[in-house]
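Here's the structure, in structure tokens; my notes come after.
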Amino acid sequence: MHAQLFDDDFAARPPRILAPGAVLVPDFLTLEQQRFLVERFREWAAGPVPARAARVGEHPMSVRTVCLGWHWRPGGYSRAAVDVNGQRVLPVPEWLVQLGRTALAAAEAVPNPADAAGNGLPTGTANGYAPDAVLANFYDAAASMGMHQDRDEPDLAPVVSVSLGDRCLFRFGNSETRNRPYQDIELSSGDLFVFGGPARLAYHGVVRVFPGTAPTGLGLDSGRINLTLRQTGLSDRERITP
Ligand code: SIN
Ligand code: MN
């Protein structure tokens, strides 16, 4: 009886393998952890480099981004936000590196009923995972993100993504084209999504945000925040500006 009660939620949104290497872990973060991350996002977005809409060619993205560790702009990374105000971005805090390790371990551990060999993520790598760039994106009700690959990182270690605030429709595709086949899933506040291994270069995007769907008590009245943690493989000695 009690087991039934407590299992209901889990059964409604079990972990899911979208493709080899692409793993969804719903409700990975507690509400308290989510609230903490929302507060940190506000601090990061206040500077020294403010959250900004990156320009892709002529057009500003509808998403506003603030970065930690390395500053991303379309086509490359640099330590300083050369397309914003020239300031160096904040470092990735150690607790966030640790969160990345815990998250990757949780995704690696999701069993694959269809394949005893696993879910496509490399196993046993979580302890050595060293994300050195974090992109924190804010989506207002009208924001979206077109289909793209995360391919500005020389290291193809998994990308760890956590979502906060309003739900969104997330599109996860294939590695060859930005078109079909793709799968549409909803990402809710607290969900973890990891893509690595054979899924690391899959096209993906955010089709739309569903306003007013954030959990109460989160401290974010409207909008969605997504954090992606990346282990770039970049070194300060390399020339990394495009
Ligand atoms: C991204 O692709 O960088 C962001 C994905 C998301 O917002 O879920
Ligand atoms: Mn991406």
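Order determines the names: the first chain of the structure tokens is A, the second B, and so forth; residues in each chain are numbered 1 upward, and ligands are numbered 1 upward as they are shown.
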**Message:** Can you work out which residues are within 10 Å of ligand 1, considering only C-alpha atoms and all ligand atoms, and then hand them over as a ChimeraX atom specification?
**Reply:** /A:63,65,134-139,144-150,159-164,167-172,186-188,191-193,203-209,224-229
**Request:** Using backbone DSSP assignments, extract all alpha helix (DSSP H) residues from stretch 38-88 of chain A; output them as a list in words.
**Result:** Val38, Glu39, Arg40, Phe41, Arg42, Glu43, Trp44 and Ala45 of chain A
**Request:** Would you mind listing what lies within 7 Å of stretch 48-62 of chain A as a list in words, with only C-alpha atoms counted and same-chain residues fewer than 2 positions away left out?
**Result:**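 Selected residues are Ala45, Ala46, Arg64, Thr65, Val66, Arg73, Pro74, Ala81, Asn85, Gln87, Val89, Ala143 and Ser144 of chain A.
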Export of the given selection (N, CA, C and O atoms) as an mmCIF file, in the first residue's frame:
data_model
loop_
_atom_site.group_PDB
_atom_site.id
_atom_site.type_symbol
_atom_site.label_atom_id
_atom_site.label_comp_id
_atom_site.auth_asym_id
_atom_site.auth_seq_id
_atom_site.Cartn_x
_atom_site.Cartn_y
_atom_site.Cartn_z
ATOM 1 N N ALA A 45 23.887 36.177 -13.469
ATOM 2 C CA ALA A 45 23.365 37.053 -14.530
ATOM 3 C C ALA A 45 23.614 38.528 -14.224
ATOM 4 O O ALA A 45 23.521 39.376 -15.102
ATOM 5 N N ALA A 46 23.943 38.819 -12.951
ATOM 6 C CA ALA A 46 24.194 40.205 -12.565
ATOM 7 C C ALA A 46 25.617 40.648 -12.923
ATOM 8 O O ALA A 46 25.937 41.826 -12.848
ATOM 9 N N ARG A 64 18.601 34.319 -23.439
ATOM 10 C CA ARG A 64 19.692 35.124 -22.867
ATOM 11 C C ARG A 64 20.624 34.204 -22.093
ATOM 12 O O ARG A 64 20.171 33.385 -21.290
ATOM 13 N N THR A 65 21.919 34.349 -22.343
ATOM 14 C CA THR A 65 22.912 33.401 -21.833
ATOM 15 C C THR A 65 23.936 34.097 -20.951
ATOM 16 O O THR A 65 24.402 35.192 -21.284
ATOM 17 N N VAL A 66 24.287 33.453 -19.845
ATOM 18 C CA VAL A 66 25.468 33.860 -19.074
ATOM 19 C C VAL A 66 26.308 32.602 -18.868
ATOM 20 O O VAL A 66 25.768 31.512 -18.688
ATOM 21 N N ARG A 73 30.283 32.005 -27.411
ATOM 22 C CA ARG A 73 29.519 32.777 -28.388
ATOM 23 C C ARG A 73 29.466 31.923 -29.638
ATOM 24 O O ARG A 73 30.250 30.972 -29.764
ATOM 25 N N PRO A 74 28.526 32.182 -30.564
ATOM 26 C CA PRO A 74 28.393 31.277 -31.707
ATOM 27 C C PRO A 74 29.744 31.042 -32.375
ATOM 28 O O PRO A 74 30.404 31.992 -32.793
ATOM 29 N N ALA A 81 34.508 37.804 -22.135
ATOM 30 C CA ALA A 81 33.279 37.955 -22.922
ATOM 31 C C ALA A 81 33.502 39.049 -23.968
ATOM 32 O O ALA A 81 33.013 40.170 -23.840
ATOM 33 N N ASN A 85 31.233 42.650 -22.755
ATOM 34 C CA ASN A 85 31.899 43.802 -22.137
ATOM 35 C C ASN A 85 33.386 43.562 -21.888
ATOM 36 O O ASN A 85 34.031 44.336 -21.199
ATOM 37 N N GLN A 87 34.853 41.546 -20.024
ATOM 38 C CA GLN A 87 35.225 41.022 -18.700
ATOM 39 C C GLN A 87 35.404 39.514 -18.750
ATOM 40 O O GLN A 87 34.793 38.822 -19.558
ATOM 41 N N VAL A 89 34.761 35.822 -17.466
ATOM 42 C CA VAL A 89 33.572 35.225 -16.847
ATOM 43 C C VAL A 89 33.935 34.633 -15.486
ATOM 44 O O VAL A 89 35.106 34.369 -15.198
ATOM 45 N N ALA A 143 10.563 32.614 -25.934
ATOM 46 C CA ALA A 143 11.885 32.190 -26.415
ATOM 47 C C ALA A 143 11.876 30.748 -26.901
ATOM 48 O O ALA A 143 11.051 29.925 -26.487
ATOM 49 N N SER A 144 12.815 30.455 -27.779
ATOM 50 C CA SER A 144 12.996 29.089 -28.278
ATOM 51 C C SER A 144 14.465 28.965 -28.696
ATOM 52 O O SER A 144 15.201 29.954 -28.690
#
**Item:** Proximity to ligand 2 - best of A:Phe210, A:Tyr182, A:Trp72, A:Trp44, only C-alpha atoms and all ligand atoms
**Value:** A:Trp72
**Request:** Could you find all residues in stretch 94-179 of chain A that DSSP calls strand (DSSP E or B) from the backbone, and write them as a list in words?
**Result:**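 The strand (DSSP E or B) residues within stretch 94-179 of chain A come out as Ala133, Val134, Leu135, Ala136, Asn137, Phe138, Tyr139, Met145, Gly146, Met147, His148, Val159, Val160, Ser161, Val162, Ser163, Leu164, Gly165, Arg167, Cys168, Leu169, Phe170, Arg171 and Phe172 of chain A.
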If we count only C-alpha atoms and set the cut-off at 9 Å, which residues sit around A:Gln34, ignoring sequence neighbours fewer than 3 positions away in its own chain? Please answer as a PDB file with C-alpha atoms, in the first residue's frame.
ATOM      1  CA  LEU A  29      16.748  17.819  -8.404  1.00  0.00           C
ATOM      2  CA  THR A  30      14.742  18.495  -5.245  1.00  0.00           C
ATOM      3  CA  LEU A  31      12.751  21.720  -5.061  1.00  0.00           C
ATOM      4  CA  LEU A  37      20.170  27.116  -8.588  1.00  0.00           C
ATOM      5  CA  VAL A  38      17.630  29.831  -9.450  1.00  0.00           C
ATOM      6  CA  GLU A  39      19.229  32.085  -6.829  1.00  0.00           C
ATOM      7  CA  SER A 163      16.136  22.482 -16.293  1.00  0.00           C
ATOM      8  CA  LEU A 164      14.419  24.913 -13.911  1.00  0.00           C
ATOM      9  CA  GLY A 165      11.146  26.806 -14.046  1.00  0.00           C
ATOM     10  CA  SER A 189      11.779  21.807 -13.566  1.00  0.00           C
ATOM     11  CA  GLY A 190      14.294  19.531 -11.862  1.00  0.00           C
ATOM     12  CA  LEU A 218      10.637  27.859  -6.831  1.00  0.00           C
TER      13      LEU A 218
END
Taking only residues of stretch 18-88 of chain A that have an atom at most 8 Å from an atom of stretch 104-124 of chain A, what is each one's shortest atom pair and its distance in Å to one decimal, using only C-alpha atoms, in chain and number order, as a tab-separated table?
residue	atom	partner	partner_atom	distance
A:Ala19	CA	A:Gly120	CA	7.9
A:Pro20	CA	A:Gly120	CA	4.3
A:Gly21	CA	A:Gly120	CA	4.1
A:Ala22	CA	A:Gly120	CA	7.5
A:Val23	CA	A:Ala107	CA	6.0
A:Leu24	CA	A:Ala107	CA	7.3
A:Val25	CA	A:Ala107	CA	6.7
For those residues, write C-alpha atoms to a file as a short mmCIF file (atom, residue, chain, number, x, y, z; two decimals), in the first residue's frame.
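selection_10.cif written:
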data_model
loop_
_atom_site.label_atom_id
_atom_site.label_comp_id
_atom_site.auth_asym_id
_atom_site.auth_seq_id
_atom_site.Cartn_x
_atom_site.Cartn_y
_atom_site.Cartn_z
CA ALA A 19 18.69 6.98 -28.04
CA PRO A 20 21.99 5.30 -27.18
CA GLY A 21 23.81 7.90 -25.06
CA ALA A 22 20.78 10.17 -24.51
CA VAL A 23 19.27 9.70 -21.06
CA LEU A 24 16.45 11.57 -19.32
CA VAL A 25 16.24 11.43 -15.52
#
**Prompt:** For ligand 2, which residue out of A:Leu96, A:Ala141, A:Ala202, A:Ala157 is the nearest one, using only C-alpha atoms and all ligand atoms?
**Reply:** A:Ala202
**Asked** What's the 9 Å shell around A:Gln231, counting only C-alpha atoms, without same-chain residues fewer than 2 positions away, as a list in words?
**Response** Tyr129, Ala130, Pro131, Asp132, Ala133, Val134, Glu153, Pro154, Asp155, Leu156, Ala157, Pro158, Val159, Leu229, Gly233 and Leu234 of chain A
**Request:** Go through A:Pro93, A:Gly173, A:Pro181, A:Pro215 and flag the residue nearest ligand 2, using only C-alpha atoms and all ligand atoms for the distances.
**Result:**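 That would be A:Gly173, the residue with the smallest distance to ligand 2.
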**Asked** What separation in Å, quoted to one decimal, exists between atom CA of A:Arg101 and atom CA of A:Asp152?
**Response**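 Computing the Euclidean distance for atom CA of A:Arg101 and atom CA of A:Asp152 yields 21.3 Å.
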